[in-house]
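Here's the structure, in structure tokens; my notes come after.
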Amino acid sequence: MQIAIDGPAGSGKTSVARALARRFGCLLINTGAMYRAVALGLSRGLKLSEIQIEIRPNERVLLNGEDVTEKLYTQEMDELASQTAAHPDVREFLIAQQRALAQNRDVVMEGRDIGSVVLPNADVKLYLDASLEERARRRCQERPGLPYAEVLAQMRARDARDGQGFGRLQITPDTIVLHTDGRTLNDVIAEAIRAVEAALQRRSSSGKLSG
Ligand code: DC
């Protein structure tokens, strides 16, 4: 079974993906973490061909064997990863790895282009959305000490860049869109679980379940 979760920064994708992976017994693959790790590797002077990324089942991220998880979630890395992800050679490099990771496995994969490009035949595709202001507020809670106005401006710039390029943040017609403004995480997770259960039921009765 393949579950694709896309959405902009701060939409709650990671929390929902984690909950779905636990609930449905799937491997969780956070593709944003992969882009972040590549950005870190390139910033250290490595060439793309010298970079090896591993995502452990416990969500730790390894760059050429080194656990870099704690280094990936800073304002600086938000910016660097977003810029790095705009390069077609980086996308090609990671998309191939993401497809290989999902092959013959039950996965929940989250990112920007999972339902549209990486796993276009996923059994369930969800798109999480929220207003820019709400997403900036959430990011401020995750990263205490950052001024709201600064986070808002950076997120606006990232949105513009992350939405550009092939397939990124495209909502395919078979995608279920969940709006999360003003809702609790538990409420959104419950709706996501119901959406997955309904989609699985529909697809298994029509014999189209993959994986
Ligand atoms: O989800 P995130 O914020 O950790 O992602 C980091 C950056 O990587 C983000 O700016 C967009 C990019 N990204 C992407 O282009 N495609 C993906 N599938 C996942 C992330």
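For the structure tokens, the naming scheme is as follows: chains receive sequential letters (A, B, ...) according to their order of presentation, residues are indexed from 1 within each chain, and ligands are indexed from 1 in presentation order.
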
Would you mind listing the residues within 9 Å of ligand 1, counting only C-alpha atoms and all ligand atoms, as a PyMOL selection string?
chain A and resi 6-10+13-14+30-36+72-73+77-86+91+94-95+109-114+117-118+158-159+161-165+168-169

Save the residues we just selected, N, CA and C atoms, as a CSV table (one decimal), in the first residue's frame?
```csv
chain,number,residue,atom,x,y,z
A,6,ASP,N,1.0,15.2,0.4
A,6,ASP,CA,1.7,16.5,-0.1
A,6,ASP,C,1.1,17.7,0.6
A,7,GLY,N,1.8,18.8,0.5
A,7,GLY,CA,1.3,20.0,1.0
A,7,GLY,C,2.4,21.0,1.3
A,8,PRO,N,2.1,22.3,1.5
A,8,PRO,CA,3.2,23.3,1.7
A,8,PRO,C,3.8,23.2,3.1
A,9,ALA,N,4.9,23.9,3.3
A,9,ALA,CA,5.5,24.0,4.6
A,9,ALA,C,4.5,24.4,5.7
A,10,GLY,N,4.6,23.6,6.8
A,10,GLY,CA,3.8,24.0,7.9
A,10,GLY,C,2.3,23.6,7.8
A,13,LYS,N,1.8,18.1,7.5
A,13,LYS,CA,2.1,16.8,6.8
A,13,LYS,C,2.8,15.8,7.6
A,14,THR,N,3.9,16.2,8.3
A,14,THR,CA,4.7,15.3,9.0
A,14,THR,C,4.0,14.6,10.1
A,30,ASN,N,10.0,10.7,4.8
A,30,ASN,CA,9.9,12.1,4.7
A,30,ASN,C,10.8,12.6,3.7
A,31,THR,N,10.3,12.9,2.5
A,31,THR,CA,11.2,13.3,1.4
A,31,THR,C,11.8,14.7,1.6
A,32,GLY,N,11.1,15.5,2.4
A,32,GLY,CA,11.7,16.9,2.7
A,32,GLY,C,13.0,16.7,3.4
A,33,ALA,N,13.1,15.7,4.3
A,33,ALA,CA,14.3,15.4,5.1
A,33,ALA,C,15.4,15.0,4.1
A,34,MET,N,15.0,14.3,3.0
A,34,MET,CA,16.0,13.9,2.0
A,34,MET,C,16.6,15.2,1.3
A,35,TYR,N,15.7,16.1,0.9
A,35,TYR,CA,16.2,17.3,0.3
A,35,TYR,C,17.1,18.1,1.3
A,36,ARG,N,16.7,18.1,2.5
A,36,ARG,CA,17.5,18.9,3.5
A,36,ARG,C,18.9,18.2,3.6
A,72,LEU,N,19.2,19.5,10.5
A,72,LEU,CA,18.4,19.7,9.3
A,72,LEU,C,17.2,20.7,9.5
A,73,TYR,N,16.8,21.0,10.8
A,73,TYR,CA,15.6,21.8,11.0
A,73,TYR,C,15.9,23.2,11.6
A,77,MET,N,18.6,26.0,7.1
A,77,MET,CA,18.4,24.8,6.3
A,77,MET,C,17.0,24.8,5.6
A,78,ASP,N,16.0,25.5,6.2
A,78,ASP,CA,14.7,25.7,5.5
A,78,ASP,C,15.0,26.3,4.1
A,79,GLU,N,15.8,27.4,4.2
A,79,GLU,CA,16.1,28.2,3.0
A,79,GLU,C,17.0,27.4,2.0
A,80,LEU,N,18.0,26.8,2.5
A,80,LEU,CA,19.0,26.1,1.7
A,80,LEU,C,18.3,24.9,1.0
A,81,ALA,N,17.5,24.2,1.7
A,81,ALA,CA,16.8,23.0,1.2
A,81,ALA,C,15.9,23.4,0.1
A,82,SER,N,15.2,24.5,0.3
A,82,SER,CA,14.2,25.0,-0.7
A,82,SER,C,14.9,25.4,-2.0
A,83,GLN,N,16.1,26.1,-1.8
A,83,GLN,CA,16.9,26.4,-3.0
A,83,GLN,C,17.4,25.2,-3.7
A,84,THR,N,17.9,24.3,-2.9
A,84,THR,CA,18.5,23.1,-3.5
A,84,THR,C,17.5,22.2,-4.3
A,85,ALA,N,16.3,22.2,-3.7
A,85,ALA,CA,15.2,21.4,-4.3
A,85,ALA,C,14.8,21.9,-5.7
A,86,ALA,N,15.2,23.1,-6.0
A,86,ALA,CA,14.8,23.7,-7.3
A,86,ALA,C,15.7,23.2,-8.4
A,91,ARG,N,16.5,16.9,-8.0
A,91,ARG,CA,15.2,16.2,-8.0
A,91,ARG,C,15.3,14.8,-8.6
A,94,LEU,N,16.9,12.4,-6.3
A,94,LEU,CA,16.1,11.9,-5.1
A,94,LEU,C,14.9,11.2,-5.5
A,95,ILE,N,14.3,11.6,-6.6
A,95,ILE,CA,13.0,10.9,-7.1
A,95,ILE,C,13.3,9.5,-7.3
A,109,MET,N,4.5,8.3,2.2
A,109,MET,CA,5.6,9.1,1.7
A,109,MET,C,5.0,10.6,1.7
A,110,GLU,N,5.8,11.5,2.3
A,110,GLU,CA,5.3,12.9,2.4
A,110,GLU,C,6.3,13.8,1.7
A,111,GLY,N,5.7,14.8,1.0
A,111,GLY,CA,6.5,15.8,0.3
A,111,GLY,C,5.7,16.9,-0.4
A,112,ARG,N,6.2,17.1,-1.6
A,112,ARG,CA,5.5,18.2,-2.4
A,112,ARG,C,4.9,17.6,-3.7
A,113,ASP,N,5.6,16.6,-4.2
A,113,ASP,CA,5.3,16.0,-5.6
A,113,ASP,C,5.1,14.5,-5.5
A,114,ILE,N,4.7,14.0,-4.4
A,114,ILE,CA,4.6,12.6,-4.2
A,114,ILE,C,3.4,12.0,-5.1
A,117,VAL,N,4.2,13.1,-9.0
A,117,VAL,CA,5.4,12.7,-9.8
A,117,VAL,C,6.0,11.4,-9.2
A,118,VAL,N,6.3,11.4,-7.9
A,118,VAL,CA,7.0,10.2,-7.4
A,118,VAL,C,6.2,8.9,-7.4
A,158,ARG,N,9.4,30.9,0.4
A,158,ARG,CA,9.5,29.5,0.2
A,158,ARG,C,8.4,28.9,-0.6
A,159,ASP,N,7.2,29.4,-0.3
A,159,ASP,CA,6.0,28.9,-1.0
A,159,ASP,C,6.1,29.2,-2.5
A,161,ARG,N,8.8,29.6,-4.2
A,161,ARG,CA,9.9,28.7,-4.9
A,161,ARG,C,9.4,27.2,-4.9
A,162,ASP,N,8.9,26.8,-3.8
A,162,ASP,CA,8.5,25.3,-3.7
A,162,ASP,C,7.4,25.0,-4.7
A,163,GLY,N,6.6,26.0,-5.0
A,163,GLY,CA,5.5,25.7,-6.0
A,163,GLY,C,5.9,25.7,-7.4
A,164,GLN,N,7.2,26.1,-7.7
A,164,GLN,CA,7.6,26.1,-9.1
A,164,GLN,C,8.2,24.8,-9.5
A,165,GLY,N,8.3,24.6,-10.8
A,165,GLY,CA,9.0,23.5,-11.4
A,165,GLY,C,8.0,22.3,-11.6
A,168,ARG,N,5.6,20.1,-8.9
A,168,ARG,CA,5.6,20.4,-7.5
A,168,ARG,C,4.3,21.1,-7.0
A,169,LEU,N,3.8,20.6,-6.0
A,169,LEU,CA,2.5,21.1,-5.4
A,169,LEU,C,1.4,21.2,-6.4
```

For A:Leu200, find every residue with an atom within 9 Å (counting only C-alpha atoms), except residues of its own chain fewer than 5 positions away, and show them as a list in words.
Met1, Asp123, Val124, Ala195, Ser205 and Leu209 of chain A

Counting only C-alpha atoms, the residue of A:Ala122, A:Val196, A:Ile5, A:Leu185 that sits nearest A:Arg23
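Ranking A:Ala122, A:Val196, A:Ile5, A:Leu185 by distance to A:Arg23, first place goes to A:Val196.
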
Polymer residues at most 12 Å from stretch 44-48 of chain A, only C-alpha atoms, same-chain spacing of 2 or more positions, as a PyMOL selection string:
chain A and resi 35+37-42+50-53+63-64+84+87-94

Skip stretch 56-61 of chain A itself and residues of its chain fewer than 5 positions away, then list as a VMD selection string all residues within 7 Å of it, counting only C-alpha atoms.
chain A and resid 27 to 28 67 to 69

Could you save those same residues with all heavy atoms as an mmCIF file, in the first residue's frame?
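Saved the output as again_17.cif:
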```
data_model
loop_
_atom_site.group_PDB
_atom_site.id
_atom_site.type_symbol
_atom_site.label_atom_id
_atom_site.label_comp_id
_atom_site.auth_asym_id
_atom_site.auth_seq_id
_atom_site.Cartn_x
_atom_site.Cartn_y
_atom_site.Cartn_z
ATOM 1 N N LEU A 27 6.010 2.053 6.367
ATOM 2 C CA LEU A 27 7.274 2.765 6.555
ATOM 3 C C LEU A 27 7.030 4.245 6.230
ATOM 4 O O LEU A 27 6.403 4.564 5.226
ATOM 5 C CB LEU A 27 8.327 2.192 5.603
ATOM 6 C CG LEU A 27 9.704 2.860 5.640
ATOM 7 C CD1 LEU A 27 10.404 2.598 6.970
ATOM 8 C CD2 LEU A 27 10.573 2.358 4.483
ATOM 9 N N LEU A 28 7.553 5.120 7.085
ATOM 10 C CA LEU A 28 7.373 6.559 6.873
ATOM 11 C C LEU A 28 8.586 7.119 6.134
ATOM 12 O O LEU A 28 9.727 6.918 6.570
ATOM 13 C CB LEU A 28 7.233 7.239 8.235
ATOM 14 C CG LEU A 28 7.179 8.762 8.266
ATOM 15 C CD1 LEU A 28 5.965 9.281 7.515
ATOM 16 C CD2 LEU A 28 7.155 9.250 9.707
ATOM 17 N N ASP A 67 24.720 10.681 11.374
ATOM 18 C CA ASP A 67 23.374 11.092 11.766
ATOM 19 C C ASP A 67 23.319 12.625 11.822
ATOM 20 O O ASP A 67 23.925 13.242 12.700
ATOM 21 C CB ASP A 67 23.017 10.495 13.134
ATOM 22 C CG ASP A 67 21.565 10.749 13.509
ATOM 23 O OD1 ASP A 67 20.992 11.765 13.042
ATOM 24 O OD2 ASP A 67 20.999 9.949 14.263
ATOM 25 N N VAL A 68 22.613 13.224 10.854
ATOM 26 C CA VAL A 68 22.565 14.693 10.748
ATOM 27 C C VAL A 68 21.183 15.251 11.113
ATOM 28 O O VAL A 68 20.914 16.430 10.894
ATOM 29 C CB VAL A 68 22.966 15.159 9.320
ATOM 30 C CG1 VAL A 68 24.422 14.862 9.018
ATOM 31 C CG2 VAL A 68 22.054 14.532 8.251
ATOM 32 N N THR A 69 20.328 14.387 11.673
ATOM 33 C CA THR A 69 18.931 14.778 11.912
ATOM 34 C C THR A 69 18.803 16.139 12.593
ATOM 35 O O THR A 69 18.006 16.978 12.172
ATOM 36 C CB THR A 69 18.228 13.699 12.777
ATOM 37 O OG1 THR A 69 18.624 12.413 12.305
ATOM 38 C CG2 THR A 69 16.730 13.830 12.711
#
```

Helix (DSSP H, G or I) positions in chain A, given as a ChimeraX atom specification:
/A:13-24,31-43,48-50,69-71,75-84,88-102,114-118,132-142,148-162,185-205

Per-residue DSSP, stretch 107-192 of chain A, filtered to strand (DSSP E or B), as number ranges by chain
A: 107-111, 124-129, 176-179

Residues from the last selection, all heavy atoms, saved as a short mmCIF file (atom, residue, chain, number, x, y, z; two decimals), in the first residue's frame:
```
data_model
loop_
_atom_site.label_atom_id
_atom_site.label_comp_id
_atom_site.auth_asym_id
_atom_site.auth_seq_id
_atom_site.Cartn_x
_atom_site.Cartn_y
_atom_site.Cartn_z
N VAL A 107 4.18 2.04 2.28
CA VAL A 107 4.81 3.31 2.69
C VAL A 107 3.80 4.44 2.83
O VAL A 107 2.78 4.48 2.14
CB VAL A 107 5.88 3.79 1.66
CG1 VAL A 107 7.07 2.87 1.62
CG2 VAL A 107 5.29 4.00 0.28
N VAL A 108 4.14 5.35 3.73
CA VAL A 108 3.53 6.67 3.74
C VAL A 108 4.66 7.60 3.34
O VAL A 108 5.68 7.67 4.03
CB VAL A 108 3.00 7.06 5.13
CG1 VAL A 108 2.51 8.51 5.12
CG2 VAL A 108 1.89 6.14 5.58
N MET A 109 4.50 8.26 2.20
CA MET A 109 5.57 9.15 1.75
C MET A 109 5.04 10.57 1.71
O MET A 109 3.98 10.82 1.15
CB MET A 109 6.05 8.71 0.36
CG MET A 109 7.34 9.40 -0.05
SD MET A 109 7.96 8.79 -1.63
CE MET A 109 8.78 7.29 -1.17
N GLU A 110 5.77 11.48 2.35
CA GLU A 110 5.30 12.86 2.37
C GLU A 110 6.26 13.80 1.67
O GLU A 110 7.47 13.56 1.69
CB GLU A 110 5.08 13.33 3.81
CG GLU A 110 6.33 13.28 4.65
CD GLU A 110 6.42 14.39 5.66
OE1 GLU A 110 6.26 15.57 5.26
OE2 GLU A 110 6.67 14.09 6.83
N GLY A 111 5.70 14.84 1.04
CA GLY A 111 6.55 15.80 0.34
C GLY A 111 5.74 16.86 -0.38
O GLY A 111 4.78 17.41 0.17
N VAL A 124 -3.65 5.98 -2.08
CA VAL A 124 -4.35 7.12 -1.50
C VAL A 124 -3.46 8.34 -1.61
O VAL A 124 -2.26 8.27 -1.32
CB VAL A 124 -4.64 6.88 0.01
CG1 VAL A 124 -5.50 8.02 0.55
CG2 VAL A 124 -5.31 5.55 0.24
N LYS A 125 -4.05 9.45 -2.05
CA LYS A 125 -3.30 10.70 -2.13
C LYS A 125 -4.01 11.76 -1.31
O LYS A 125 -5.19 12.02 -1.54
CB LYS A 125 -3.20 11.17 -3.59
CG LYS A 125 -2.52 10.19 -4.51
CD LYS A 125 -2.50 10.72 -5.92
CE LYS A 125 -1.95 9.68 -6.88
NZ LYS A 125 -1.94 10.18 -8.27
N LEU A 126 -3.27 12.33 -0.38
CA LEU A 126 -3.84 13.40 0.44
C LEU A 126 -3.05 14.67 0.21
O LEU A 126 -1.83 14.63 -0.03
CB LEU A 126 -3.75 13.04 1.94
CG LEU A 126 -4.46 11.78 2.40
CD1 LEU A 126 -4.20 11.55 3.89
CD2 LEU A 126 -5.95 11.87 2.14
N TYR A 127 -3.73 15.79 0.27
CA TYR A 127 -3.06 17.09 0.19
C TYR A 127 -3.53 17.90 1.38
O TYR A 127 -4.73 18.13 1.56
CB TYR A 127 -3.44 17.80 -1.12
CG TYR A 127 -2.71 19.11 -1.30
CD1 TYR A 127 -1.53 19.17 -2.03
CD2 TYR A 127 -3.20 20.28 -0.74
CE1 TYR A 127 -0.85 20.37 -2.19
CE2 TYR A 127 -2.53 21.48 -0.90
CZ TYR A 127 -1.36 21.52 -1.63
OH TYR A 127 -0.69 22.70 -1.78
N LEU A 128 -2.58 18.28 2.24
CA LEU A 128 -2.92 19.07 3.42
C LEU A 128 -2.68 20.54 3.12
O LEU A 128 -1.62 20.89 2.59
CB LEU A 128 -2.04 18.65 4.61
CG LEU A 128 -2.71 17.64 5.54
CD1 LEU A 128 -3.00 16.35 4.82
CD2 LEU A 128 -1.83 17.40 6.75
N ASP A 129 -3.64 21.35 3.50
CA ASP A 129 -3.49 22.78 3.22
C ASP A 129 -3.85 23.59 4.45
O ASP A 129 -4.59 23.14 5.33
CB ASP A 129 -4.41 23.18 2.05
CG ASP A 129 -3.82 24.34 1.27
OD1 ASP A 129 -2.75 24.85 1.68
OD2 ASP A 129 -4.41 24.74 0.27
N ILE A 176 -7.26 13.81 -2.30
CA ILE A 176 -8.22 14.31 -1.31
C ILE A 176 -7.57 15.48 -0.59
O ILE A 176 -6.49 15.34 -0.01
CB ILE A 176 -8.56 13.20 -0.28
CG1 ILE A 176 -9.17 11.99 -1.01
CG2 ILE A 176 -9.48 13.72 0.81
CD1 ILE A 176 -9.11 10.70 -0.20
N VAL A 177 -8.22 16.64 -0.64
CA VAL A 177 -7.65 17.84 -0.03
C VAL A 177 -8.24 18.02 1.37
O VAL A 177 -9.46 18.01 1.54
CB VAL A 177 -7.94 19.09 -0.90
CG1 VAL A 177 -7.35 20.33 -0.25
CG2 VAL A 177 -7.36 18.89 -2.31
N LEU A 178 -7.36 18.16 2.38
CA LEU A 178 -7.82 18.41 3.74
C LEU A 178 -7.39 19.81 4.16
O LEU A 178 -6.19 20.11 4.19
CB LEU A 178 -7.20 17.40 4.72
CG LEU A 178 -7.41 15.91 4.45
CD1 LEU A 178 -6.79 15.07 5.57
CD2 LEU A 178 -8.89 15.60 4.35
N HIS A 179 -8.37 20.67 4.47
CA HIS A 179 -8.05 22.02 4.95
C HIS A 179 -7.91 21.97 6.46
O HIS A 179 -8.77 21.42 7.14
CB HIS A 179 -9.15 22.99 4.52
CG HIS A 179 -9.21 23.15 3.04
ND1 HIS A 179 -8.34 23.95 2.35
CD2 HIS A 179 -10.01 22.58 2.11
CE1 HIS A 179 -8.60 23.86 1.05
NE2 HIS A 179 -9.60 23.03 0.88
#
```

Pick from A:Asn121, A:Gln2, A:Asn104, A:Gln75: nearest to A:Gln154, with only C-alpha atoms counted?
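Under the stated criterion, the closest residue is A:Gln75.
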
Rounded to one decimal, what separation in Å do you get between atom CA of A:Ala17 and atom CA of A:Ile193?
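If I compute the distance from atom CA of A:Ala17 to atom CA of A:Ile193, I get 10.2 Å.
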
Skip stretch 144-149 of chain A itself and residues of its chain fewer than 4 positions away, then list as a ChimeraX atom specification all residues within 12 Å of it, counting only C-alpha atoms.
/A:74-75,132-140,153-156

Between atom CA of A:Gln170 and atom CA of A:Ser116, measure the distance and give it in Å to one decimal.
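Atom CA of A:Ser116 lies 6.4 Å from atom CA of A:Gln170.
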